[in-house]
Each structure stands twice: as C-alpha cells, then as structure tokens.
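Visitor: Before I ask anything, let me first share the structure, which is written out below as structure tokens.
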Amino acid sequence: MKNIIEAKHLGIDFGDKKVIKDLSFEVKEGEIFGLLGSNGSGKTTTIRALLGLYQPNRGKILIDGKIFSPSSELVGYLPEERGLYKKETVIDVMTYFGRLKGLEHPAEWSLKYLERVGLFDKPKEKIDKLSSGQQQKVQLGITIMNNPKLLILDEPTKGFDPVNRKLLMDIIDERHRAGATIILITHYMDEVERLCDHALLLKDGVAKVYGTISAIKKQFSGLSLDEIFVKVYGRKDA
C-alpha cells in the first residue's frame, strides 16, 4: 500500500524557536491516522506545512508524492476555526462551495446532507444564526461534498453532545469505507481507538509515540489511550 503522506526530517522554526524538530512519519493510502497532542505540541503547524501555508526550514512533507497545490481537489480540510460566510444563508454558502468544487447539482446534494445531519429546516437560515455545532455540521458537509481522496479533520466533533458526535463520526467512517484516507486530529481517545489504524503523539514538536494502535498500547503495557495520553502529557485535557 502506497504512502499518501510522507514527512521526512521535517523542521519548522518561528524565529529562534524550533517548533517542529526532525519529524518523520507516513500515512498509508486508505487508513485513518490519528494526529494527537496537547495544545502547543505542533499538530496545527504540521498540518499547515502539509497544506503549504508554512514552508519547512528543513526536510519536506508531501501529499501523494508532491508538495501540496491549492488548486488540488485531492484534499478536503476541516479546520478547527470555522471559515464560513456568516451573513449568507446555509444553502447559498453550500451551493457556492459546491460549484467551486465542480458538483453538478450542489443545492440538491446540500439539501440531502442537511437532512442527514438534522438541519433540514435550516437551508434559508443565515450562518451566524446557527449554533457553533450546527456551523460545524455545515462546514463538514462542505469538506466532504466532492469526495476528496484525503480528509484532514481538525477536532471535527469538538463541543458536540454524544448523539451528534456519533452522527458525525458515522459520516466520517462512511467516507473512509468509500476509500478516503483520513487524518484525524482529536482529543477524544475513544474516537482514536475505534477508528484509527496508526497514531502519532506529538510533544514539543517531537514524535513521542508513533505506530499502530495495538503496538502503542503494547508499548505501554496495555494501558488505554486515555491513560497513555496522561502518561505522555501529564494531563488528560488539551
């Protein structure tokens, strides 16, 4: 199975501060990969380098063997910070992005998706009138609507109640079964245990733990991922 992502001796500095230090890892095509760490560990910096927003000072990070191009339809990115046009209606925003992504019937796709996620009565609602969780559902729809080969999901279920967390994780699992490779950035270790094939725990820009979920648990004498997170970072919270 080929690598869809390769980071080789990646190093990123902000001034005199070395944020990412000689980081190497691979993500296989078709897997779900957990990128984990506390705040300030380097997760967001690594993803921004992957997407070409930061230029590495050392090493390289590639998608499908190439440096990422903004015109690529290969990648769907769900950022932790929402980037929606808040004064426009839900259906107008989703239709606009659907057209940009080349969908033939973006409004039809969007209405079906909104029904799926419990927003069937919100198409004409302005984005800024939605709750943060509802906005997250809209943004996830925009991320997956063109069936990208690689999904990068930064805290996709943050702030959701258990019912809505399960709904979104089911949708993500469906995209995986349809062939997408997924990078999952989350602080919910149960999501990682249930979905991920491999995981990387970053701390201070260094890979502290890296491998399959079973190998990681074996390395820590069978501890749960929650317990491993506490052992590595000294706390459960992010």
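Labels used: A, B, ... for chains in the order of the structure tokens, numbers from 1 for residues in each chain, and numbers from 1 for ligands as shown.
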To test your reading of the structure, identify every residue in stretch 25-195 of chain A that backbone DSSP assigns to strand (DSSP E or B), and report it as a ChimeraX atom specification.

Guide: /A:25-28,32-36,58-63,66,75-78,89,126,150-154,181-185

Visitor: I need the chosen residues saved as a tab-separated table (two decimals), in the first residue's frame, with C-alpha atoms.

Guide:
chain	number	residue	atom	x	y	z
A	25	PHE	CA	6.07	9.83	9.61
A	26	GLU	CA	3.98	8.19	6.88
A	27	VAL	CA	0.26	7.88	6.24
A	28	LYS	CA	-0.80	4.94	4.11
A	32	ILE	CA	-7.31	6.60	9.35
A	33	PHE	CA	-4.36	8.27	11.05
A	34	GLY	CA	-4.61	9.93	14.45
A	35	LEU	CA	-2.50	13.06	14.94
A	36	LEU	CA	-2.58	13.73	18.68
A	58	ARG	CA	14.37	21.59	6.98
A	59	GLY	CA	13.15	18.38	5.38
A	60	LYS	CA	9.92	18.03	3.44
A	61	ILE	CA	6.29	16.97	3.69
A	62	LEU	CA	4.47	15.61	0.64
A	63	ILE	CA	0.93	14.64	-0.40
A	66	LYS	CA	4.17	16.16	-4.32
A	75	VAL	CA	-7.67	17.25	-0.14
A	76	GLY	CA	-10.65	18.20	1.99
A	77	TYR	CA	-9.65	20.20	5.07
A	78	LEU	CA	-11.89	20.86	8.06
A	89	THR	CA	-27.73	31.56	4.10
A	126	LYS	CA	-28.06	32.73	7.91
A	150	LEU	CA	-7.67	12.79	1.62
A	151	LEU	CA	-9.62	14.30	4.52
A	152	ILE	CA	-7.83	16.32	7.20
A	153	LEU	CA	-10.22	16.83	10.11
A	154	ASP	CA	-9.15	19.10	12.96
A	181	THR	CA	-7.66	8.46	3.71
A	182	ILE	CA	-8.30	10.43	6.88
A	183	ILE	CA	-6.07	12.37	9.25
A	184	LEU	CA	-7.99	12.82	12.49
A	185	ILE	CA	-6.89	15.46	14.98

Visitor: Do you know which residues are at most 12 Å from A:Met94 counting only C-alpha atoms, after dropping those on the same chain fewer than 2 positions away, and could you put them as a ChimeraX atom specification?

Guide: /A:84-86,88-92,96-101,103,105-114,122-124,126-127,135,137-146

Visitor: Hey, can you spit out that residue selection with C-alpha atoms as a PDB file, in the first residue's frame?

Guide:
ATOM      1  CA  LEU A  84     -17.913  30.291   6.523  1.00  0.00           C
ATOM      2  CA  TYR A  85     -19.591  33.389   5.096  1.00  0.00           C
ATOM      3  CA  LYS A  86     -21.632  34.155   8.189  1.00  0.00           C
ATOM      4  CA  GLU A  88     -25.163  34.360   3.907  1.00  0.00           C
ATOM      5  CA  THR A  89     -27.725  31.563   4.104  1.00  0.00           C
ATOM      6  CA  VAL A  90     -26.733  27.946   4.650  1.00  0.00           C
ATOM      7  CA  ILE A  91     -27.910  26.789   1.220  1.00  0.00           C
ATOM      8  CA  ASP A  92     -26.244  29.707  -0.583  1.00  0.00           C
ATOM      9  CA  TYR A  96     -21.324  28.293  -3.716  1.00  0.00           C
ATOM     10  CA  PHE A  97     -18.657  25.917  -2.435  1.00  0.00           C
ATOM     11  CA  GLY A  98     -20.269  23.027  -4.309  1.00  0.00           C
ATOM     12  CA  ARG A  99     -19.907  24.922  -7.577  1.00  0.00           C
ATOM     13  CA  LEU A 100     -16.293  25.744  -6.791  1.00  0.00           C
ATOM     14  CA  LYS A 101     -15.704  22.034  -6.213  1.00  0.00           C
ATOM     15  CA  LEU A 103     -20.578  19.468  -8.293  1.00  0.00           C
ATOM     16  CA  HIS A 105     -26.163  19.669  -8.532  1.00  0.00           C
ATOM     17  CA  PRO A 106     -24.725  21.304  -5.395  1.00  0.00           C
ATOM     18  CA  ALA A 107     -28.051  22.530  -3.987  1.00  0.00           C
ATOM     19  CA  GLU A 108     -29.587  19.061  -4.284  1.00  0.00           C
ATOM     20  CA  TRP A 109     -26.585  17.441  -2.604  1.00  0.00           C
ATOM     21  CA  SER A 110     -26.628  20.073   0.136  1.00  0.00           C
ATOM     22  CA  LEU A 111     -30.314  19.615   0.963  1.00  0.00           C
ATOM     23  CA  LYS A 112     -29.859  15.841   1.291  1.00  0.00           C
ATOM     24  CA  TYR A 113     -26.850  16.361   3.550  1.00  0.00           C
ATOM     25  CA  LEU A 114     -28.687  18.902   5.724  1.00  0.00           C
ATOM     26  CA  LYS A 122     -32.106  25.484   8.210  1.00  0.00           C
ATOM     27  CA  PRO A 123     -31.361  25.990   4.465  1.00  0.00           C
ATOM     28  CA  LYS A 124     -32.576  29.597   4.480  1.00  0.00           C
ATOM     29  CA  LYS A 126     -28.056  32.726   7.910  1.00  0.00           C
ATOM     30  CA  ILE A 127     -24.863  31.065   9.097  1.00  0.00           C
ATOM     31  CA  GLN A 135     -21.982  25.561  11.793  1.00  0.00           C
ATOM     32  CA  LYS A 137     -22.012  20.326  10.538  1.00  0.00           C
ATOM     33  CA  VAL A 138     -22.282  22.732   7.585  1.00  0.00           C
ATOM     34  CA  GLN A 139     -18.511  23.007   7.341  1.00  0.00           C
ATOM     35  CA  LEU A 140     -18.086  19.237   7.414  1.00  0.00           C
ATOM     36  CA  GLY A 141     -20.579  18.964   4.550  1.00  0.00           C
ATOM     37  CA  ILE A 142     -18.566  21.461   2.511  1.00  0.00           C
ATOM     38  CA  THR A 143     -15.388  19.494   3.296  1.00  0.00           C
ATOM     39  CA  ILE A 144     -16.693  16.129   2.064  1.00  0.00           C
ATOM     40  CA  MET A 145     -19.088  17.186  -0.740  1.00  0.00           C
ATOM     41  CA  ASN A 146     -16.680  16.459  -3.612  1.00  0.00           C
TER      42      ASN A 146
END

Visitor: Tell me, as a PDB file with N, CA and C atoms, in the first residue's frame, which residues lie within 12 Å of stretch 225-229 of chain A, counting only C-alpha atoms; anything in the same chain fewer than 6 positions away does not count.

Guide:
ATOM      1  N   GLY A  34      -4.382   8.992  13.363  1.00  0.00           N
ATOM      2  CA  GLY A  34      -4.613   9.927  14.453  1.00  0.00           C
ATOM      3  C   GLY A  34      -3.395  10.795  14.715  1.00  0.00           C
ATOM      4  N   LEU A  36      -2.156  13.396  17.321  1.00  0.00           N
ATOM      5  CA  LEU A  36      -2.584  13.727  18.677  1.00  0.00           C
ATOM      6  C   LEU A  36      -1.532  14.567  19.381  1.00  0.00           C
ATOM      7  N   GLY A  37      -1.998  15.290  20.387  1.00  0.00           N
ATOM      8  CA  GLY A  37      -1.072  16.075  21.180  1.00  0.00           C
ATOM      9  C   GLY A  37      -1.792  17.154  21.953  1.00  0.00           C
ATOM     10  N   SER A  38      -1.157  17.650  22.990  1.00  0.00           N
ATOM     11  CA  SER A  38      -1.718  18.755  23.765  1.00  0.00           C
ATOM     12  C   SER A  38      -1.548  20.058  22.997  1.00  0.00           C
ATOM     13  N   THR A 186      -7.786  14.995  17.168  1.00  0.00           N
ATOM     14  CA  THR A 186      -8.833  14.965  18.180  1.00  0.00           C
ATOM     15  C   THR A 186      -8.240  14.777  19.562  1.00  0.00           C
ATOM     16  N   HIS A 187      -9.024  15.160  20.579  1.00  0.00           N
ATOM     17  CA  HIS A 187      -8.643  14.882  21.958  1.00  0.00           C
ATOM     18  C   HIS A 187      -9.518  13.793  22.559  1.00  0.00           C
ATOM     19  N   TYR A 188     -10.407  13.229  21.733  1.00  0.00           N
ATOM     20  CA  TYR A 188     -11.261  12.131  22.186  1.00  0.00           C
ATOM     21  C   TYR A 188     -10.571  10.807  21.861  1.00  0.00           C
ATOM     22  N   MET A 189      -9.977  10.189  22.869  1.00  0.00           N
ATOM     23  CA  MET A 189      -9.213   8.972  22.638  1.00  0.00           C
ATOM     24  C   MET A 189     -10.094   7.791  22.244  1.00  0.00           C
ATOM     25  N   ASP A 190     -11.381   7.828  22.615  1.00  0.00           N
ATOM     26  CA  ASP A 190     -12.264   6.745  22.192  1.00  0.00           C
ATOM     27  C   ASP A 190     -12.455   6.756  20.678  1.00  0.00           C
ATOM     28  N   GLU A 191     -12.463   7.957  20.066  1.00  0.00           N
ATOM     29  CA  GLU A 191     -12.540   8.045  18.609  1.00  0.00           C
ATOM     30  C   GLU A 191     -11.297   7.429  17.964  1.00  0.00           C
ATOM     31  N   VAL A 192     -10.152   7.699  18.563  1.00  0.00           N
ATOM     32  CA  VAL A 192      -8.895   7.163  18.033  1.00  0.00           C
ATOM     33  C   VAL A 192      -8.876   5.638  18.133  1.00  0.00           C
ATOM     34  N   GLU A 193      -9.253   5.122  19.290  1.00  0.00           N
ATOM     35  CA  GLU A 193      -9.252   3.661  19.488  1.00  0.00           C
ATOM     36  C   GLU A 193     -10.226   2.977  18.542  1.00  0.00           C
ATOM     37  N   ARG A 194     -11.377   3.608  18.295  1.00  0.00           N
ATOM     38  CA  ARG A 194     -12.404   2.978  17.464  1.00  0.00           C
ATOM     39  C   ARG A 194     -12.076   3.059  15.983  1.00  0.00           C
ATOM     40  N   CYS A 196      -8.914   4.639  14.321  1.00  0.00           N
ATOM     41  CA  CYS A 196      -7.588   4.841  13.719  1.00  0.00           C
ATOM     42  C   CYS A 196      -6.795   3.546  13.564  1.00  0.00           C
ATOM     43  N   ALA A 199      -1.307   6.016  14.883  1.00  0.00           N
ATOM     44  CA  ALA A 199      -1.392   7.297  15.586  1.00  0.00           C
ATOM     45  C   ALA A 199       0.012   7.830  15.855  1.00  0.00           C
ATOM     46  N   LEU A 200       0.091   9.143  15.917  1.00  0.00           N
ATOM     47  CA  LEU A 200       1.331   9.848  16.238  1.00  0.00           C
ATOM     48  C   LEU A 200       1.017  10.820  17.373  1.00  0.00           C
ATOM     49  N   LEU A 201       1.737  10.701  18.473  1.00  0.00           N
ATOM     50  CA  LEU A 201       1.593  11.629  19.589  1.00  0.00           C
ATOM     51  C   LEU A 201       2.765  12.589  19.563  1.00  0.00           C
ATOM     52  N   LEU A 202       2.450  13.857  19.288  1.00  0.00           N
ATOM     53  CA  LEU A 202       3.463  14.904  19.247  1.00  0.00           C
ATOM     54  C   LEU A 202       3.587  15.569  20.607  1.00  0.00           C
ATOM     55  N   LYS A 203       4.817  15.881  20.976  1.00  0.00           N
ATOM     56  CA  LYS A 203       5.059  16.676  22.173  1.00  0.00           C
ATOM     57  C   LYS A 203       6.265  17.571  21.925  1.00  0.00           C
ATOM     58  N   LYS A 208       6.689  11.600  20.114  1.00  0.00           N
ATOM     59  CA  LYS A 208       6.950  10.848  21.342  1.00  0.00           C
ATOM     60  C   LYS A 208       6.492   9.404  21.218  1.00  0.00           C
ATOM     61  N   VAL A 209       5.386   9.187  20.494  1.00  0.00           N
ATOM     62  CA  VAL A 209       4.842   7.845  20.298  1.00  0.00           C
ATOM     63  C   VAL A 209       4.322   7.767  18.872  1.00  0.00           C
ATOM     64  N   THR A 212       1.072   1.592  15.183  1.00  0.00           N
ATOM     65  CA  THR A 212      -0.308   1.123  15.171  1.00  0.00           C
ATOM     66  C   THR A 212      -0.895   1.264  16.579  1.00  0.00           C
ATOM     67  N   ILE A 213      -2.215   1.308  16.657  1.00  0.00           N
ATOM     68  CA  ILE A 213      -2.862   1.452  17.960  1.00  0.00           C
ATOM     69  C   ILE A 213      -2.488   0.280  18.866  1.00  0.00           C
ATOM     70  N   SER A 214      -2.504  -0.923  18.325  1.00  0.00           N
ATOM     71  CA  SER A 214      -2.176  -2.098  19.144  1.00  0.00           C
ATOM     72  C   SER A 214      -0.725  -2.060  19.608  1.00  0.00           C
ATOM     73  N   ALA A 215       0.191  -1.633  18.730  1.00  0.00           N
ATOM     74  CA  ALA A 215       1.609  -1.561  19.111  1.00  0.00           C
ATOM     75  C   ALA A 215       1.838  -0.498  20.184  1.00  0.00           C
ATOM     76  N   ILE A 216       1.135   0.620  20.062  1.00  0.00           N
ATOM     77  CA  ILE A 216       1.275   1.687  21.064  1.00  0.00           C
ATOM     78  C   ILE A 216       0.802   1.196  22.427  1.00  0.00           C
ATOM     79  N   LYS A 217      -0.346   0.516  22.455  1.00  0.00           N
ATOM     80  CA  LYS A 217      -0.868   0.012  23.727  1.00  0.00           C
ATOM     81  C   LYS A 217       0.061  -1.056  24.310  1.00  0.00           C
ATOM     82  N   LYS A 218       0.640  -1.870  23.439  1.00  0.00           N
ATOM     83  CA  LYS A 218       1.589  -2.890  23.903  1.00  0.00           C
ATOM     84  C   LYS A 218       2.837  -2.239  24.494  1.00  0.00           C
ATOM     85  N   GLN A 219       3.292  -1.161  23.834  1.00  0.00           N
ATOM     86  CA  GLN A 219       4.462  -0.439  24.316  1.00  0.00           C
ATOM     87  C   GLN A 219       4.244   0.097  25.731  1.00  0.00           C
ATOM     88  N   ARG A 235      -1.413  15.165  31.698  1.00  0.00           N
ATOM     89  CA  ARG A 235      -2.789  15.580  31.976  1.00  0.00           C
ATOM     90  C   ARG A 235      -3.702  15.021  30.892  1.00  0.00           C
ATOM     91  N   LYS A 236      -4.987  14.961  31.183  1.00  0.00           N
ATOM     92  CA  LYS A 236      -5.967  14.442  30.237  1.00  0.00           C
ATOM     93  C   LYS A 236      -6.434  15.520  29.275  1.00  0.00           C
ATOM     94  N   ASP A 237      -6.481  16.777  29.745  1.00  0.00           N
ATOM     95  CA  ASP A 237      -7.033  17.837  28.917  1.00  0.00           C
ATOM     96  C   ASP A 237      -6.045  18.241  27.857  1.00  0.00           C
ATOM     97  N   ALA A 238      -6.538  19.044  26.890  1.00  0.00           N
ATOM     98  CA  ALA A 238      -5.689  19.501  25.783  1.00  0.00           C
ATOM     99  C   ALA A 238      -4.843  20.676  26.187  1.00  0.00           C
TER     100      ALA A 238
END

Visitor: As a list in words, please: the residues near A:Leu10 (cut-off 9 Å, only C-alpha atoms, same-chain neighbours under 2 positions excluded).

Guide: Ala7, Lys8, Ile12, Ile20, Lys21, Asp22, Leu23, Ser24, Thr46, Pro56, Asn57, Arg58, Gly59, Lys60 and Ile61 of chain A

Visitor: Any chance you can output those residues with N, CA and C atoms as a short mmCIF file (atom, residue, chain, number, x, y, z; two decimals), in the first residue's frame?

Guide:
data_model
loop_
_atom_site.label_atom_id
_atom_site.label_comp_id
_atom_site.auth_asym_id
_atom_site.auth_seq_id
_atom_site.Cartn_x
_atom_site.Cartn_y
_atom_site.Cartn_z
N ALA A 7 6.31 12.63 5.60
CA ALA A 7 7.10 13.69 6.22
C ALA A 7 8.49 13.13 6.49
N LYS A 8 9.51 13.82 5.99
CA LYS A 8 10.88 13.34 6.12
C LYS A 8 11.74 14.41 6.78
N ILE A 12 10.53 22.98 11.42
CA ILE A 12 9.92 24.29 11.22
C ILE A 12 10.29 25.18 12.39
N ILE A 20 8.85 22.44 15.17
CA ILE A 20 8.86 21.04 14.73
C ILE A 20 10.30 20.61 14.56
N LYS A 21 10.65 19.45 15.16
CA LYS A 21 12.06 19.06 15.25
C LYS A 21 12.26 17.68 14.65
N ASP A 22 12.79 17.64 13.44
CA ASP A 22 13.18 16.38 12.80
C ASP A 22 12.06 15.34 12.84
N LEU A 23 10.89 15.74 12.35
CA LEU A 23 9.70 14.89 12.41
C LEU A 23 9.57 14.07 11.13
N SER A 24 9.45 12.76 11.28
CA SER A 24 9.24 11.85 10.14
C SER A 24 8.08 10.92 10.45
N THR A 46 2.18 21.33 11.84
CA THR A 46 2.44 20.24 10.91
C THR A 46 1.42 20.23 9.77
N PRO A 56 8.71 24.60 5.30
CA PRO A 56 9.67 23.98 6.23
C PRO A 56 11.04 24.62 6.14
N ASN A 57 11.71 24.72 7.27
CA ASN A 57 13.11 25.15 7.28
C ASN A 57 14.05 24.00 6.96
N ARG A 58 13.57 22.78 7.25
CA ARG A 58 14.37 21.59 6.98
C ARG A 58 13.42 20.46 6.57
N GLY A 59 13.93 19.55 5.77
CA GLY A 59 13.15 18.38 5.38
C GLY A 59 12.01 18.72 4.45
N LYS A 60 11.05 17.80 4.35
CA LYS A 60 9.92 18.03 3.44
C LYS A 60 8.71 17.24 3.91
N ILE A 61 7.54 17.67 3.42
CA ILE A 61 6.29 16.97 3.69
C ILE A 61 5.47 16.98 2.41
#

Visitor: Going by DSSP on the backbone, which bits of stretch 17-223 of chain A are helix (DSSP H, G or I)? Write them as a ChimeraX atom specification, please.

Guide: /A:43-50,90-100,106-116,127-129,132-144,162-177,189-195,213-219

Visitor: Using only C-alpha atoms for the distances, tell me which of A:Asn147, A:Gln134, A:Ser221, A:Ser69 is nearest to A:Gly159.

Guide: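 Under the stated criterion, the closest residue is A:Gln134.
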
Visitor: Quick one: pull the distance between atom CA of A:Phe120 and atom CA of A:Glu174, Å, one decimal.

Guide: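 Computed distance, atom CA of A:Phe120 to atom CA of A:Glu174, equals 20.4 Å.
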
Visitor: I need the residue nearest A:Pro148 from this list: A:Glu73, A:Asp64, A:Asp16, A:Glu31. Use only C-alpha atoms for the distance.

Guide: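 So, comparing all the options, the nearest one is A:Glu73.
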
Visitor: I'd like the interatomic distance between atom CA of A:Thr44 and atom CA of A:Gly30, to a tenth of an Å.

Guide: 22.0 Å

Visitor: Just checking: using only C-alpha atoms, which residue out of A:Ile67, A:Val230, A:Leu167, A:Val93 ends up closest to A:Gly118?

Guide: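 For A:Gly118, the nearest of the candidates is A:Leu167.
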